[in-house]
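Student: File coords.cif follows (mmCIF, C-alpha atoms):
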data_target
#
loop_
_atom_site.label_atom_id
_atom_site.label_comp_id
_atom_site.auth_asym_id
_atom_site.auth_seq_id
_atom_site.Cartn_x
_atom_site.Cartn_y
_atom_site.Cartn_z
CA MET A 1 -9.38 -15.16 4.62
CA LYS A 2 -6.47 -15.22 7.04
CA THR A 3 -4.61 -11.93 6.41
CA LEU A 4 -1.19 -10.72 7.46
CA VAL A 5 -0.90 -6.94 7.74
CA ILE A 6 2.61 -5.47 7.55
CA HIS A 7 2.45 -1.78 8.42
CA ALA A 8 5.51 -0.49 10.25
CA GLU A 9 4.67 2.05 12.91
CA ASP A 10 5.14 5.51 11.37
CA SER A 11 2.90 8.47 12.13
CA SER A 12 3.15 9.70 8.52
CA THR A 13 1.33 6.56 7.32
CA ASP A 14 -1.20 6.21 10.15
CA PHE A 15 -3.90 7.36 7.71
CA LEU A 16 -3.66 3.83 6.27
CA CYS A 17 -4.73 2.13 9.53
CA PRO A 18 -8.49 2.22 8.75
CA ILE A 19 -7.85 0.01 5.72
CA TYR A 20 -7.40 -3.11 7.83
CA GLN A 21 -9.63 -2.37 10.82
CA THR A 22 -12.56 -4.43 9.44
CA ILE A 23 -10.52 -7.52 8.59
CA GLU A 24 -11.63 -10.14 11.10
CA ASP A 25 -8.99 -12.85 10.79
CA LYS A 26 -5.77 -10.82 10.79
CA THR A 27 -2.33 -10.58 12.29
CA VAL A 28 -0.96 -7.04 12.38
CA LEU A 29 2.79 -6.34 12.48
CA ARG A 30 3.50 -2.69 13.39
CA LYS A 31 6.72 -2.74 15.45
CA GLY A 32 9.24 -5.09 16.97
CA PHE A 33 9.31 -7.60 14.13
CA THR A 34 12.11 -8.89 11.91
CA LYS A 35 12.27 -10.04 8.32
CA LYS A 36 12.40 -13.62 9.64
CA ASP A 37 9.16 -12.96 11.58
CA VAL A 38 7.57 -11.63 8.39
CA ALA A 39 8.60 -14.71 6.40
CA GLU A 40 7.20 -17.07 9.06
CA GLN A 41 3.92 -15.13 9.19
CA ILE A 42 3.54 -15.06 5.40
CA LYS A 43 3.74 -18.86 5.39
CA ILE A 44 0.66 -19.20 7.60
CA HIS A 45 -1.53 -16.50 6.01
CA GLU A 46 -3.56 -16.60 2.80
CA ARG A 47 -3.19 -12.92 1.95
CA VAL A 48 -0.58 -10.29 2.77
CA LEU A 49 -1.47 -6.60 3.06
CA MET A 50 1.66 -4.40 2.96
CA LEU A 51 1.39 -0.67 3.66
CA GLY A 52 3.69 2.25 4.33
CA HIS A 53 6.64 3.97 2.72
CA GLY A 54 8.68 2.09 0.19
CA SER A 55 10.65 2.05 -3.03
CA PRO A 56 10.91 -0.10 -6.16
CA ASP A 57 12.98 -2.49 -4.01
CA GLY A 58 10.33 -3.06 -1.34
CA LEU A 59 8.55 -1.85 1.78
CA PHE A 60 10.52 0.08 4.39
CA SER A 61 10.52 -1.14 7.97
CA VAL A 62 10.23 2.45 9.29
CA GLY A 63 10.04 5.96 7.90
CA GLN A 64 10.58 7.00 4.32
CA PHE A 65 14.24 7.99 4.11
CA GLU A 66 15.78 4.68 5.06
CA THR A 67 18.60 2.65 3.54
CA ASP A 68 18.17 -0.63 1.67
CA ASN A 69 18.99 -2.44 4.93
CA SER A 70 15.69 -1.26 6.34
CA LEU A 71 13.48 -3.05 3.81
CA ILE A 72 11.12 -5.38 5.64
CA VAL A 73 9.60 -6.69 2.39
CA ASP A 74 12.14 -7.23 -0.37
CA SER A 75 13.30 -9.75 -2.98
CA SER A 76 14.13 -12.33 -0.30
CA LEU A 77 10.37 -12.84 0.21
CA ILE A 78 9.40 -13.21 -3.45
CA SER A 79 8.90 -16.98 -3.43
CA LEU A 80 6.52 -16.69 -0.46
CA LEU A 81 4.61 -13.74 -1.90
CA ALA A 82 4.32 -15.44 -5.30
CA GLU A 83 2.32 -18.28 -3.71
CA ARG A 84 -0.52 -15.83 -2.98
CA GLU A 85 -2.60 -14.05 -5.61
CA GLU A 86 -4.71 -11.73 -3.43
CA ASN A 87 -1.92 -9.66 -1.88
CA ILE A 88 -2.19 -5.89 -1.53
CA TYR A 89 0.85 -3.64 -1.97
CA ILE A 90 0.35 -0.02 -0.90
CA TRP A 91 3.59 1.96 -0.96
CA CYS A 92 5.38 4.33 -3.33
CA HIS A 93 6.57 2.49 -6.42
CA ALA A 94 5.06 -0.85 -5.35
CA ASN A 95 4.18 -1.31 -9.03
CA LYS A 96 7.86 -1.61 -9.92
CA PHE A 97 8.36 -4.26 -7.24
CA VAL A 98 5.23 -6.24 -8.17
CA GLU A 99 5.86 -6.13 -11.90
CA ARG A 100 9.61 -6.89 -11.65
CA TYR A 101 8.84 -10.14 -9.82
CA ASN A 102 5.56 -11.00 -11.62
CA LEU A 103 3.57 -10.95 -8.40
CA LYS A 104 -0.23 -10.86 -8.23
CA GLY A 105 -2.45 -8.47 -6.34
CA PHE A 106 -3.79 -4.93 -6.01
CA TYR A 107 -1.02 -2.32 -5.92
CA THR A 108 -0.05 1.33 -6.15
CA GLY A 109 2.49 3.21 -8.20
CA MET A 110 4.10 6.35 -6.84
CA PHE A 111 1.53 7.34 -4.20
CA ILE A 112 1.58 10.92 -3.00
CA SER A 113 0.71 11.04 0.70
CA GLU A 114 2.68 14.05 1.96
CA PHE A 115 3.96 17.44 0.83
CA LEU A 116 7.55 16.39 -0.02
CA GLU A 117 6.14 13.84 -2.45
CA VAL A 118 4.17 16.59 -4.20
CA VAL A 119 7.47 18.42 -4.69
CA TYR A 120 9.24 15.20 -5.76
CA CYS A 121 6.58 14.53 -8.41
CA GLN A 122 6.73 18.16 -9.56
CA LEU A 123 3.03 18.74 -9.12
CA PRO A 124 1.61 22.17 -8.38
CA LEU A 125 1.99 22.93 -4.70
CA VAL A 126 -1.16 22.32 -2.66
CA GLU A 127 -2.29 22.87 0.89
CA ASP A 128 -2.04 19.97 3.34
CA ASP A 129 -5.83 19.62 3.43
CA ILE A 130 -5.81 18.55 -0.24
CA ILE A 131 -3.29 15.80 0.53
CA ASP A 132 -5.24 14.81 3.66
CA GLU A 133 -8.49 14.60 1.69
CA SER A 134 -6.85 12.27 -0.84
CA ASN A 135 -5.25 10.11 1.87
CA ASN A 136 -8.40 9.79 3.95
CA ALA A 137 -10.66 9.13 0.97
CA PHE A 138 -8.33 6.44 -0.38
CA SER A 139 -8.13 4.67 2.99
CA SER A 140 -11.86 4.92 3.58
CA ILE A 141 -12.71 3.51 0.17
CA VAL A 142 -10.20 0.65 0.34
CA SER A 143 -11.42 -0.21 3.86
CA LYS A 144 -14.99 -0.66 2.58
CA TYR A 145 -13.89 -3.37 0.16
CA ILE A 146 -10.84 -4.86 1.90
CA ASN A 147 -12.60 -8.17 2.52
CA GLU A 148 -13.36 -8.56 -1.19
CA SER A 149 -11.16 -9.93 -3.99
CA LYS A 150 -8.41 -7.80 -5.50
CA SER A 151 -10.49 -7.28 -8.64
CA VAL A 152 -13.45 -5.95 -6.65
CA ILE A 153 -11.16 -3.72 -4.57
CA TYR A 154 -9.59 -2.34 -7.74
CA LYS A 155 -12.91 -1.72 -9.50
CA LYS A 156 -14.59 -0.07 -6.52
CA VAL A 157 -11.57 2.06 -5.61
CA LEU A 158 -11.34 3.30 -9.21
CA GLU A 159 -15.03 4.21 -9.23
CA GLU A 160 -15.19 5.91 -5.84
CA TYR A 161 -11.74 7.53 -5.71
CA GLN A 162 -12.50 9.06 -9.14
CA VAL A 163 -15.15 11.22 -7.46
CA ILE A 164 -12.42 12.72 -5.26
CA ALA A 165 -9.97 12.84 -8.17
CA ASN A 166 -12.38 15.03 -10.15
CA ARG A 167 -11.66 17.88 -7.72
CA ASN A 168 -8.37 16.85 -6.09
CA ILE A 169 -5.10 16.91 -8.05
CA ILE A 170 -3.36 14.52 -5.61
CA ALA A 171 -6.10 11.90 -5.84
CA ALA A 172 -6.07 12.29 -9.63
CA TYR A 173 -2.33 11.57 -9.71
CA ASN A 174 -2.62 8.57 -7.38
CA LEU A 175 -5.65 7.15 -9.19
CA LYS A 176 -3.78 6.89 -12.50
CA LEU A 177 -1.22 4.59 -10.90
CA LEU A 178 -3.51 2.05 -9.22
CA LYS A 179 -3.34 -1.47 -10.69
CA PHE A 180 -4.19 -5.10 -10.19
CA ASN A 181 -3.25 -8.32 -11.93
#
So that I can check it, write out the structure of this file as C-alpha coordinates.
Tutor:
Amino acid sequence: MKTLVIHAEDSSTDFLCPIYQTIEDKTVLRKGFTKKDVAEQIKIHERVLMLGHGSPDGLFSVGQFETDNSLIVDSSLISLLAEREENIYIWCHANKFVERYNLKGFYTGMFISEFLEVVYCQLPLVEDDIIDESNNAFSSIVSKYINESKSVIYKKVLEEYQVIANRNIIAAYNLKLLKFN
(Lines of atoms letter the chains of each structure in order from A and count residues from 1; the text may use other names and numbers.)
(Lines give C-alpha, C1' and ligand atoms only; values in the text may rest on other atoms or scores of the structure.)
Protein backbone atom coordinates (compact mmCIF):
# COMPACT_ATOMS: atom_id res chain seq x y z
CA MET A 1 0.00 0.00 0.00
CA LYS A 2 1.45 3.36 -1.02
CA THR A 3 1.73 5.33 2.24
CA LEU A 4 2.33 9.00 2.93
CA VAL A 5 3.99 9.69 6.28
CA ILE A 6 3.56 13.20 7.71
CA HIS A 7 5.82 13.58 10.74
CA ALA A 8 7.23 17.08 11.19
CA GLU A 9 10.78 17.07 12.44
CA ASP A 10 10.65 17.51 16.22
CA SER A 11 13.01 15.78 18.64
CA SER A 12 10.23 15.36 21.21
CA THR A 13 8.36 13.04 18.81
CA ASP A 14 11.34 11.16 17.35
CA PHE A 15 10.26 8.12 19.38
CA LEU A 16 7.54 7.70 16.73
CA CYS A 17 10.02 7.21 13.86
CA PRO A 18 10.25 3.40 14.26
CA ILE A 19 6.54 3.15 13.45
CA TYR A 20 7.10 3.76 9.75
CA GLN A 21 10.57 2.30 9.22
CA THR A 22 9.23 -1.04 7.89
CA ILE A 23 6.79 0.47 5.40
CA GLU A 24 8.26 -0.31 1.99
CA ASP A 25 6.30 1.93 -0.37
CA LYS A 26 6.33 5.25 1.50
CA THR A 27 6.95 8.95 1.12
CA VAL A 28 8.09 10.63 4.33
CA LEU A 29 7.57 14.36 4.93
CA ARG A 30 9.64 15.59 7.91
CA LYS A 31 10.69 19.16 7.04
CA GLY A 32 10.53 21.72 4.27
CA PHE A 33 7.00 20.94 3.12
CA THR A 34 3.86 23.06 2.83
CA LYS A 35 0.18 22.32 3.22
CA LYS A 36 -0.07 22.40 -0.59
CA ASP A 37 2.68 19.73 -0.77
CA VAL A 38 0.73 17.63 1.73
CA ALA A 39 -2.48 17.91 -0.29
CA GLU A 40 -0.71 16.89 -3.51
CA GLN A 41 0.94 13.92 -1.80
CA ILE A 42 -2.32 12.74 -0.21
CA LYS A 43 -3.86 12.57 -3.69
CA ILE A 44 -1.29 10.02 -4.89
CA HIS A 45 -1.14 7.81 -1.78
CA GLU A 46 -3.56 5.13 -0.59
CA ARG A 47 -2.96 5.65 3.13
CA VAL A 48 -1.82 8.61 5.21
CA LEU A 49 0.09 8.16 8.47
CA MET A 50 0.12 11.38 10.53
CA LEU A 51 2.27 11.62 13.66
CA GLY A 52 3.46 14.28 16.07
CA HIS A 53 2.00 16.96 18.29
CA GLY A 54 -1.47 18.21 17.59
CA SER A 55 -4.80 19.44 18.85
CA PRO A 56 -8.50 18.80 18.14
CA ASP A 57 -8.01 21.05 15.09
CA GLY A 58 -5.23 19.01 13.49
CA LEU A 59 -1.56 18.07 13.34
CA PHE A 60 1.06 20.72 14.07
CA SER A 61 3.76 21.39 11.51
CA VAL A 62 6.40 21.73 14.27
CA GLY A 63 6.59 21.57 18.04
CA GLN A 64 3.68 21.42 20.42
CA PHE A 65 3.01 25.02 21.43
CA GLU A 66 2.21 26.41 18.01
CA THR A 67 -0.60 28.63 16.77
CA ASP A 68 -3.45 27.51 14.51
CA ASN A 69 -1.46 28.84 11.55
CA SER A 70 1.04 26.04 12.06
CA LEU A 71 -1.39 23.18 11.44
CA ILE A 72 -0.11 21.07 8.56
CA VAL A 73 -3.15 18.77 8.66
CA ASP A 74 -6.42 20.58 9.28
CA SER A 75 -10.00 20.90 8.03
CA SER A 76 -8.81 22.05 4.59
CA LEU A 77 -7.68 18.46 3.91
CA ILE A 78 -10.85 16.69 5.05
CA SER A 79 -12.18 15.86 1.59
CA LEU A 80 -8.87 14.21 0.65
CA LEU A 81 -8.55 12.32 3.94
CA ALA A 82 -12.17 11.15 3.74
CA GLU A 83 -11.39 9.28 0.50
CA ARG A 84 -9.12 6.91 2.44
CA GLU A 85 -10.27 4.48 5.13
CA GLU A 86 -6.93 3.13 6.38
CA ASN A 87 -5.40 6.36 7.65
CA ILE A 88 -3.54 6.53 10.97
CA TYR A 89 -3.78 9.60 13.20
CA ILE A 90 -1.29 9.69 16.10
CA TRP A 91 -1.34 13.01 17.94
CA CYS A 92 -2.95 14.46 21.05
CA HIS A 93 -6.70 14.77 20.61
CA ALA A 94 -6.69 13.22 17.13
CA ASN A 95 -9.93 11.52 18.18
CA LYS A 96 -11.71 14.88 18.26
CA PHE A 97 -10.48 15.70 14.76
CA VAL A 98 -11.34 12.27 13.31
CA GLU A 99 -14.77 12.09 14.92
CA ARG A 100 -15.73 15.71 14.12
CA TYR A 101 -15.18 15.05 10.41
CA ASN A 102 -16.35 11.40 10.35
CA LEU A 103 -12.99 10.17 9.09
CA LYS A 104 -11.92 6.52 9.11
CA GLY A 105 -8.78 5.00 10.54
CA PHE A 106 -6.78 4.10 13.64
CA TYR A 107 -6.34 7.05 16.00
CA THR A 108 -5.34 8.28 19.43
CA GLY A 109 -7.03 10.49 21.98
CA MET A 110 -4.97 12.64 24.31
CA PHE A 111 -1.63 10.82 24.16
CA ILE A 112 0.83 11.46 26.95
CA SER A 113 4.37 11.42 25.58
CA GLU A 114 6.20 13.90 27.83
CA PHE A 115 6.22 15.21 31.39
CA LEU A 116 4.21 18.41 30.77
CA GLU A 117 1.37 16.28 29.41
CA VAL A 118 1.36 14.25 32.63
CA VAL A 119 0.85 17.52 34.50
CA TYR A 120 -1.77 18.71 31.98
CA CYS A 121 -3.76 15.48 32.44
CA GLN A 122 -3.40 15.73 36.22
CA LEU A 123 -1.91 12.27 36.57
CA PRO A 124 0.42 11.38 39.42
CA LEU A 125 3.91 12.62 38.64
CA VAL A 126 6.22 9.94 37.25
CA GLU A 127 9.87 9.66 36.33
CA ASP A 128 10.85 10.17 32.69
CA ASP A 129 11.70 6.46 32.33
CA ILE A 130 8.00 5.59 32.83
CA ILE A 131 7.02 7.95 30.00
CA ASP A 132 9.87 6.64 27.83
CA GLU A 133 8.81 3.03 28.43
CA SER A 134 5.26 3.86 27.32
CA ASN A 135 6.46 5.79 24.25
CA ASN A 136 8.93 3.15 23.12
CA ALA A 137 6.54 0.25 23.71
CA PHE A 138 3.75 1.97 21.78
CA SER A 139 6.00 2.73 18.81
CA SER A 140 7.51 -0.75 18.80
CA ILE A 141 4.12 -2.44 18.88
CA VAL A 142 2.56 -0.24 16.19
CA SER A 143 5.64 -0.74 13.99
CA LYS A 144 5.18 -4.53 14.09
CA TYR A 145 1.70 -4.24 12.58
CA ILE A 146 1.95 -1.04 10.52
CA ASN A 147 1.62 -2.92 7.24
CA GLU A 148 -1.65 -4.51 8.37
CA SER A 149 -5.20 -3.10 8.24
CA LYS A 150 -6.36 -0.55 10.80
CA SER A 151 -8.46 -3.21 12.55
CA VAL A 152 -5.47 -5.53 12.96
CA ILE A 153 -3.28 -2.64 14.16
CA TYR A 154 -5.94 -1.67 16.71
CA LYS A 155 -6.48 -5.22 17.98
CA LYS A 156 -2.78 -6.05 18.29
CA VAL A 157 -1.85 -2.72 19.88
CA LEU A 158 -4.63 -3.16 22.45
CA GLU A 159 -3.42 -6.66 23.30
CA GLU A 160 0.30 -5.92 23.49
CA TYR A 161 0.23 -2.39 24.92
CA GLN A 162 -2.05 -3.73 27.70
CA VAL A 163 0.92 -5.74 29.00
CA ILE A 164 2.82 -2.46 29.49
CA ALA A 165 -0.30 -0.71 30.78
CA ASN A 166 -0.64 -3.27 33.57
CA ARG A 167 2.47 -1.78 35.21
CA ASN A 168 2.74 1.68 33.61
CA ILE A 169 0.24 4.44 34.46
CA ILE A 170 1.07 6.43 31.29
CA ALA A 171 0.50 3.47 28.99
CA ALA A 172 -2.73 2.71 30.87
CA TYR A 173 -3.96 6.26 30.24
CA ASN A 174 -3.00 6.21 26.55
CA LEU A 175 -4.45 2.74 25.98
CA LYS A 176 -7.94 3.81 27.08
CA LEU A 177 -8.02 6.43 24.32
CA LEU A 178 -6.97 4.33 21.32
CA LYS A 179 -9.70 3.85 18.70
CA PHE A 180 -10.47 2.79 15.16
CA ASN A 181 -13.50 3.03 12.92
Student: Within 6 Å of segment 68-85 of chain A, counting all atoms listed in the file, which residues qualify if same-chain residues fewer than 4 places away don't, as a list in words?
Tutor: Lys35, Gly58, Leu59, Phe60, Ser61, Leu103, Lys104 and Gly105 of chain A
Student: Compare A:Val118, A:Val163, A:Ala137, A:Met50 by their minimum atom-to-atom distance to Val38 of chain A, counting all atoms listed in the file, and give me the closest one.
Tutor: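 Closest candidate: A:Met50.
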Student: From the options A:Tyr20, A:Pro124, A:Ile130, A:Gly109, which residue's atoms come nearest to Leu177 of chain A, counting only C-alpha atoms?
Tutor: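 Answer, going by the shortest atom-to-atom distance: A:Gly109.
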Student: Which one of A:Ile131, A:Ile90, A:Val62, A:Leu4 sits closest to Ser113 of chain A if you count all atoms listed in the file?
Tutor: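 Looking only at the distances to Ser113 of chain A, the closest residue turns out to be A:Ile131.
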Student: When you look at Phe115 of chain A with a cut-off of 10 Å (counting all atoms listed in the file), what residues show up, excluding the ones that are within fewer than 6 positions of it in the same chain? I need them as an NGL selection string.
Tutor: :A and (125-128 or 130-132)
Student: With N, CA, C and O atoms as the target, complete segment 95-116 of chain A and hand it back as an mmCIF file, in the frame of the given file.
Tutor:
data_model
loop_
_atom_site.group_PDB
_atom_site.id
_atom_site.type_symbol
_atom_site.label_atom_id
_atom_site.label_comp_id
_atom_site.auth_asym_id
_atom_site.auth_seq_id
_atom_site.Cartn_x
_atom_site.Cartn_y
_atom_site.Cartn_z
ATOM 1 N N ASN A 95 4.359 -0.752 -7.694
ATOM 2 C CA ASN A 95 4.180 -1.310 -9.030
ATOM 3 C C ASN A 95 5.477 -1.857 -9.608
ATOM 4 O O ASN A 95 5.491 -2.912 -10.240
ATOM 5 N N LYS A 96 6.574 -1.169 -9.373
ATOM 6 C CA LYS A 96 7.860 -1.610 -9.920
ATOM 7 C C LYS A 96 8.313 -2.910 -9.254
ATOM 8 O O LYS A 96 8.891 -3.786 -9.904
ATOM 9 N N PHE A 97 8.036 -3.040 -7.978
ATOM 10 C CA PHE A 97 8.360 -4.260 -7.240
ATOM 11 C C PHE A 97 7.489 -5.417 -7.725
ATOM 12 O O PHE A 97 7.989 -6.491 -8.081
ATOM 13 N N VAL A 98 6.185 -5.207 -7.763
ATOM 14 C CA VAL A 98 5.230 -6.240 -8.170
ATOM 15 C C VAL A 98 5.499 -6.703 -9.589
ATOM 16 O O VAL A 98 5.545 -7.914 -9.872
ATOM 17 N N GLU A 99 5.679 -5.775 -10.491
ATOM 18 C CA GLU A 99 5.860 -6.130 -11.900
ATOM 19 C C GLU A 99 7.231 -6.759 -12.166
ATOM 20 O O GLU A 99 7.342 -7.678 -12.979
ATOM 21 N N ARG A 100 8.276 -6.308 -11.472
ATOM 22 C CA ARG A 100 9.610 -6.890 -11.650
ATOM 23 C C ARG A 100 9.596 -8.381 -11.318
ATOM 24 O O ARG A 100 10.252 -9.187 -11.978
ATOM 25 N N TYR A 101 8.840 -8.755 -10.284
ATOM 26 C CA TYR A 101 8.840 -10.140 -9.820
ATOM 27 C C TYR A 101 7.578 -10.912 -10.222
ATOM 28 O O TYR A 101 7.351 -12.017 -9.739
ATOM 29 N N ASN A 102 6.777 -10.341 -11.113
ATOM 30 C CA ASN A 102 5.560 -11.000 -11.620
ATOM 31 C C ASN A 102 4.642 -11.479 -10.503
ATOM 32 O O ASN A 102 4.119 -12.600 -10.549
ATOM 33 N N LEU A 103 4.461 -10.629 -9.512
ATOM 34 C CA LEU A 103 3.570 -10.950 -8.400
ATOM 35 C C LEU A 103 2.136 -10.605 -8.765
ATOM 36 O O LEU A 103 1.891 -9.877 -9.727
ATOM 37 N N LYS A 104 1.190 -11.110 -8.002
ATOM 38 C CA LYS A 104 -0.230 -10.860 -8.230
ATOM 39 C C LYS A 104 -0.802 -10.060 -7.076
ATOM 40 O O LYS A 104 -0.400 -10.236 -5.928
ATOM 41 N N GLY A 105 -1.774 -9.209 -7.395
ATOM 42 C CA GLY A 105 -2.450 -8.470 -6.340
ATOM 43 C C GLY A 105 -2.957 -7.121 -6.796
ATOM 44 O O GLY A 105 -2.969 -6.796 -7.983
ATOM 45 N N PHE A 106 -3.383 -6.322 -5.819
ATOM 46 C CA PHE A 106 -3.790 -4.930 -6.010
ATOM 47 C C PHE A 106 -2.613 -4.098 -5.524
ATOM 48 O O PHE A 106 -2.064 -4.375 -4.451
ATOM 49 N N TYR A 107 -2.223 -3.058 -6.308
ATOM 50 C CA TYR A 107 -1.020 -2.320 -5.920
ATOM 51 C C TYR A 107 -1.036 -0.881 -6.425
ATOM 52 O O TYR A 107 -1.794 -0.531 -7.325
ATOM 53 N N THR A 108 -0.170 -0.081 -5.805
ATOM 54 C CA THR A 108 -0.050 1.330 -6.150
ATOM 55 C C THR A 108 1.240 1.581 -6.908
ATOM 56 O O THR A 108 2.196 0.809 -6.809
ATOM 57 N N GLY A 109 1.251 2.694 -7.627
ATOM 58 C CA GLY A 109 2.490 3.210 -8.200
ATOM 59 C C GLY A 109 3.032 4.231 -7.210
ATOM 60 O O GLY A 109 2.802 4.121 -6.005
ATOM 61 N N MET A 110 3.701 5.255 -7.719
ATOM 62 C CA MET A 110 4.100 6.350 -6.840
ATOM 63 C C MET A 110 2.809 6.878 -6.219
ATOM 64 O O MET A 110 1.868 7.207 -6.923
ATOM 65 N N PHE A 111 2.760 6.929 -4.888
ATOM 66 C CA PHE A 111 1.530 7.340 -4.200
ATOM 67 C C PHE A 111 1.857 8.555 -3.346
ATOM 68 O O PHE A 111 2.608 8.457 -2.378
ATOM 69 N N ILE A 112 1.316 9.686 -3.731
ATOM 70 C CA ILE A 112 1.580 10.920 -3.000
ATOM 71 C C ILE A 112 0.731 10.941 -1.736
ATOM 72 O O ILE A 112 -0.500 10.903 -1.803
ATOM 73 N N SER A 113 1.418 11.015 -0.586
ATOM 74 C CA SER A 113 0.710 11.040 0.700
ATOM 75 C C SER A 113 1.194 12.171 1.608
ATOM 76 O O SER A 113 0.675 12.319 2.714
ATOM 77 N N GLU A 114 2.186 12.929 1.147
ATOM 78 C CA GLU A 114 2.680 14.050 1.960
ATOM 79 C C GLU A 114 3.325 15.096 1.041
ATOM 80 O O GLU A 114 3.621 14.830 -0.131
ATOM 81 N N PHE A 115 3.541 16.282 1.613
ATOM 82 C CA PHE A 115 3.960 17.440 0.830
ATOM 83 C C PHE A 115 5.269 17.218 0.060
ATOM 84 O O PHE A 115 5.371 17.606 -1.106
ATOM 85 N N LEU A 116 6.274 16.599 0.679
ATOM 86 C CA LEU A 116 7.550 16.390 -0.020
ATOM 87 C C LEU A 116 7.388 15.534 -1.270
ATOM 88 O O LEU A 116 8.141 15.682 -2.237
#
